[in-house]
Amino acid sequence: MRAVIFWLCFAAALISGFFTVIGLYIAAGLLAVLIAAVTENLAEDYKVKVSYEKLFLHKGEAPAVIFSGKKRLRGTVLCENLVTGERSANVVDIKGGGRYELPAQDNCGGLLIRFMSFRRSDLLGITKRTAVCYAEESITVLPDPIGAEIYDIAEAAVGENEPDGAREARPDEPLRRVNLKLTHRFGKPYLNTYTPERTGDLWLYADYGAGDRAGILAEQICGLAQVLTEQGIDYGLAVPYGEDGFKFIENADSEAVMSEVLRFPMYKQVGDGFLEKLCGRIDDGRIIAFSRKTGFSDERLTVIDGG
């Protein structure tokens with residue numbers, strides 16, 4: 001529309017130039033404006049740095065993307081959740097130094113955000129150029145707080161002996177294993193702590209398919225890793241790697257598990273064959289596999305399918 005208006009004004013000025021010199025002056029002024037706008041648009045380096053208001057979000061929050069520069073941007077932002085495989089394309093129109101809010105996130109996971117087909121035009125809308133947008137960091141949507149079912153999984157995985165101490169309960173923590181004596185004495189809940197049974201190595205395996213259920217399994221494996229780390233239980237992490245291989249982290253902790261599980265795709269390799277192959281690679285120890293339901297069974301294997 002701006003280009004149409006400009007050319008109409010320029011044509012009108014040229015036509016009036018046949019009758020008065022003022023029209024020629026107006027046409028010359030418009031031509032100078034055109035040359036300046038086109039030169040500025042073609043000469044400027046259109047590399048736009050992108051930043052985020054928050055790098056770590058909770059489920060239900062919306063990622064906010066901020067574009068540097070003073071020019072207007074029109075184009076598409078692509079967003080992919082690396083846990084669920086969910087993808088969205090968002091057509092945006094961003095003014096200089098603008099802020100754009102992506103849709104609220106329903107699942108945990110690392111967000112791969114890409115910027116495609118951005119265009120910038122000069123002041124008059126005559127010339128257009130592609131703008132290169134890039135972000136140096138990425139966004140992680142954190143899992144929900146640990147639920148009671150995670151403690152049940154931990155108990156089933158490692159067992160427990162008699163309580164060897166107690167600690168103050170954390171906010172929103174399920175009040176199981178309450179130490180009544182300390183709770184009554186201090187007027188706030190205390191929970192018994194246990195020394196886990198050590199019966200060989202423990203491995204967590206993440207390979208859970210795509211979709212909403214993948215988000216459930218990702219939360220469960222991150223929660224279990226947090227419980228195991230807090231209780232001082234040694235464990236390793238195995239994830240699919242390559243066409244038919246695995247990546248093993250022998251001395252894992254909750255931070256390493258969250259980084260691997262939330263920020264790298266796990267939905268490309270699933271099925272009985274991979275679990276059977278994994279059991280063949282691990283000579284001793286137990287395996288808790290967060291995977292789609294499988295018919296393969298092994299006495300060392302516990303499958304959590306999120307169903």
# chains A, B, ... in the order shown; residues from 1 in each chain; ligands from 1
call {"tool": "select_by_dssp", "arguments": {"residues": "segment 104-152 of chain A", "states": "strand (DSSP E or B)", "output": "VMD selection string"}}
result
chain A and resid 109 to 121 128 to 130 132 to 135 139 to 142
call {"tool": "residues_around", "arguments": {"residues": "Glu219 of chain A", "least_positions_apart": "6", "cutoff": "8 Å", "atoms": "only C-alpha atoms", "output": "ChimeraX atom specification"}}
result
/A:108,143-144
call {"tool": "atom_distance", "arguments": {"atom1": "atom CA of Pro63 of chain A", "atom2": "atom CA of Arg120 of chain A"}}
result
23.6 Å
call {"tool": "residues_around", "arguments": {"residues": "Phe248 of chain A", "least_positions_apart": "5", "cutoff": "10 Å", "atoms": "only C-alpha atoms", "output": "VMD selection string"}}
result
chain A and resid 203 to 205 236 to 241
call {"tool": "write_last_selection", "arguments": {"atoms": "C-alpha atoms", "output": "PDB file, in the first residue's frame"}}
result
ATOM      1  CA  TRP A 203      20.248 -47.793  34.907  1.00  0.00           C
ATOM      2  CA  LEU A 204      17.569 -45.399  33.702  1.00  0.00           C
ATOM      3  CA  TYR A 205      16.667 -45.667  30.037  1.00  0.00           C
ATOM      4  CA  GLY A 236      23.469 -44.424  35.196  1.00  0.00           C
ATOM      5  CA  LEU A 237      21.543 -43.094  32.206  1.00  0.00           C
ATOM      6  CA  ALA A 238      21.188 -44.712  28.774  1.00  0.00           C
ATOM      7  CA  VAL A 239      19.633 -43.005  25.757  1.00  0.00           C
ATOM      8  CA  PRO A 240      19.395 -43.964  22.063  1.00  0.00           C
ATOM      9  CA  TYR A 241      22.339 -42.750  19.997  1.00  0.00           C
TER      10      TYR A 241
END
call {"tool": "closest_residue", "arguments": {"among": "A:Leu111, A:Ile216, A:Gly280, A:Gly187", "to": "Leu57 of chain A", "atoms": "only C-alpha atoms"}}
result
A:Leu111
call {"tool": "atom_distance", "arguments": {"atom1": "atom CA of Val50 of chain A", "atom2": "atom CA of Phe264 of chain A"}}
result
21.4 Å
call {"tool": "atom_distance", "arguments": {"atom1": "atom CA of Ser254 of chain A", "atom2": "atom CA of Val227 of chain A"}}
result
8.3 Å
call {"tool": "residues_around", "arguments": {"residues": "Arg87 of chain A", "least_positions_apart": "6", "cutoff": "10 Å", "atoms": "only C-alpha atoms", "output": "ChimeraX atom specification"}}
result
/A:78-81,111-113
call {"tool": "write_last_selection", "arguments": {"atoms": "all heavy atoms", "output": "mmCIF file, in the first residue's frame"}}
result
data_model
loop_
_atom_site.group_PDB
_atom_site.id
_atom_site.type_symbol
_atom_site.label_atom_id
_atom_site.label_comp_id
_atom_site.auth_asym_id
_atom_site.auth_seq_id
_atom_site.Cartn_x
_atom_site.Cartn_y
_atom_site.Cartn_z
ATOM 1 N N LEU A 78 9.222 -20.940 13.791
ATOM 2 C CA LEU A 78 8.928 -22.363 13.949
ATOM 3 C C LEU A 78 9.369 -22.812 15.336
ATOM 4 O O LEU A 78 10.462 -22.462 15.788
ATOM 5 C CB LEU A 78 9.653 -23.184 12.883
ATOM 6 C CG LEU A 78 9.390 -22.798 11.426
ATOM 7 C CD1 LEU A 78 10.181 -23.699 10.491
ATOM 8 C CD2 LEU A 78 7.912 -22.881 11.107
ATOM 9 N N CYS A 79 8.541 -23.592 15.995
ATOM 10 C CA CYS A 79 8.830 -24.055 17.347
ATOM 11 C C CYS A 79 8.591 -25.559 17.422
ATOM 12 O O CYS A 79 7.556 -26.051 16.965
ATOM 13 C CB CYS A 79 7.946 -23.320 18.353
ATOM 14 S SG CYS A 79 8.284 -23.738 20.075
ATOM 15 N N GLU A 80 9.563 -26.297 17.991
ATOM 16 C CA GLU A 80 9.444 -27.747 18.134
ATOM 17 C C GLU A 80 9.811 -28.163 19.552
ATOM 18 O O GLU A 80 10.848 -27.758 20.077
ATOM 19 C CB GLU A 80 10.352 -28.468 17.147
ATOM 20 C CG GLU A 80 10.296 -29.987 17.279
ATOM 21 C CD GLU A 80 11.245 -30.700 16.341
ATOM 22 O OE1 GLU A 80 11.953 -30.009 15.580
ATOM 23 O OE2 GLU A 80 11.290 -31.941 16.366
ATOM 24 N N ASN A 81 8.947 -28.961 20.178
ATOM 25 C CA ASN A 81 9.235 -29.523 21.489
ATOM 26 C C ASN A 81 10.016 -30.820 21.280
ATOM 27 O O ASN A 81 9.520 -31.757 20.653
ATOM 28 C CB ASN A 81 7.933 -29.783 22.259
ATOM 29 C CG ASN A 81 8.181 -30.235 23.682
ATOM 30 O OD1 ASN A 81 8.937 -31.157 23.931
ATOM 31 N ND2 ASN A 81 7.513 -29.590 24.624
ATOM 32 N N LEU A 111 12.796 -26.498 23.875
ATOM 33 C CA LEU A 111 12.136 -25.899 22.712
ATOM 34 C C LEU A 111 13.185 -25.484 21.688
ATOM 35 O O LEU A 111 14.072 -24.682 21.975
ATOM 36 C CB LEU A 111 11.316 -24.679 23.126
ATOM 37 C CG LEU A 111 10.159 -24.930 24.089
ATOM 38 C CD1 LEU A 111 9.393 -23.630 24.327
ATOM 39 C CD2 LEU A 111 9.223 -26.004 23.562
ATOM 40 N N LEU A 112 13.071 -26.066 20.497
ATOM 41 C CA LEU A 112 13.910 -25.673 19.370
ATOM 42 C C LEU A 112 13.145 -24.599 18.603
ATOM 43 O O LEU A 112 12.100 -24.884 18.001
ATOM 44 C CB LEU A 112 14.206 -26.882 18.483
ATOM 45 C CG LEU A 112 15.023 -26.609 17.224
ATOM 46 C CD1 LEU A 112 16.387 -26.051 17.575
ATOM 47 C CD2 LEU A 112 15.158 -27.865 16.382
ATOM 48 N N ILE A 113 13.640 -23.381 18.641
ATOM 49 C CA ILE A 113 12.955 -22.246 18.004
ATOM 50 C C ILE A 113 13.796 -21.786 16.830
ATOM 51 O O ILE A 113 14.973 -21.444 16.978
ATOM 52 C CB ILE A 113 12.731 -21.107 19.008
ATOM 53 C CG1 ILE A 113 11.854 -21.607 20.164
ATOM 54 C CG2 ILE A 113 12.083 -19.911 18.336
ATOM 55 C CD1 ILE A 113 11.645 -20.584 21.251
#
call {"tool": "closest_residue", "arguments": {"among": "A:Glu260, A:Glu168, A:Asp152, A:Glu136", "to": "Pro189 of chain A", "atoms": "only C-alpha atoms"}}
result
A:Glu168
call {"tool": "residues_around", "arguments": {"residues": "Asn179 of chain A", "least_positions_apart": "4", "cutoff": "6 Å", "atoms": "only C-alpha atoms", "output": "ChimeraX atom specification"}}
result
/A:190-192
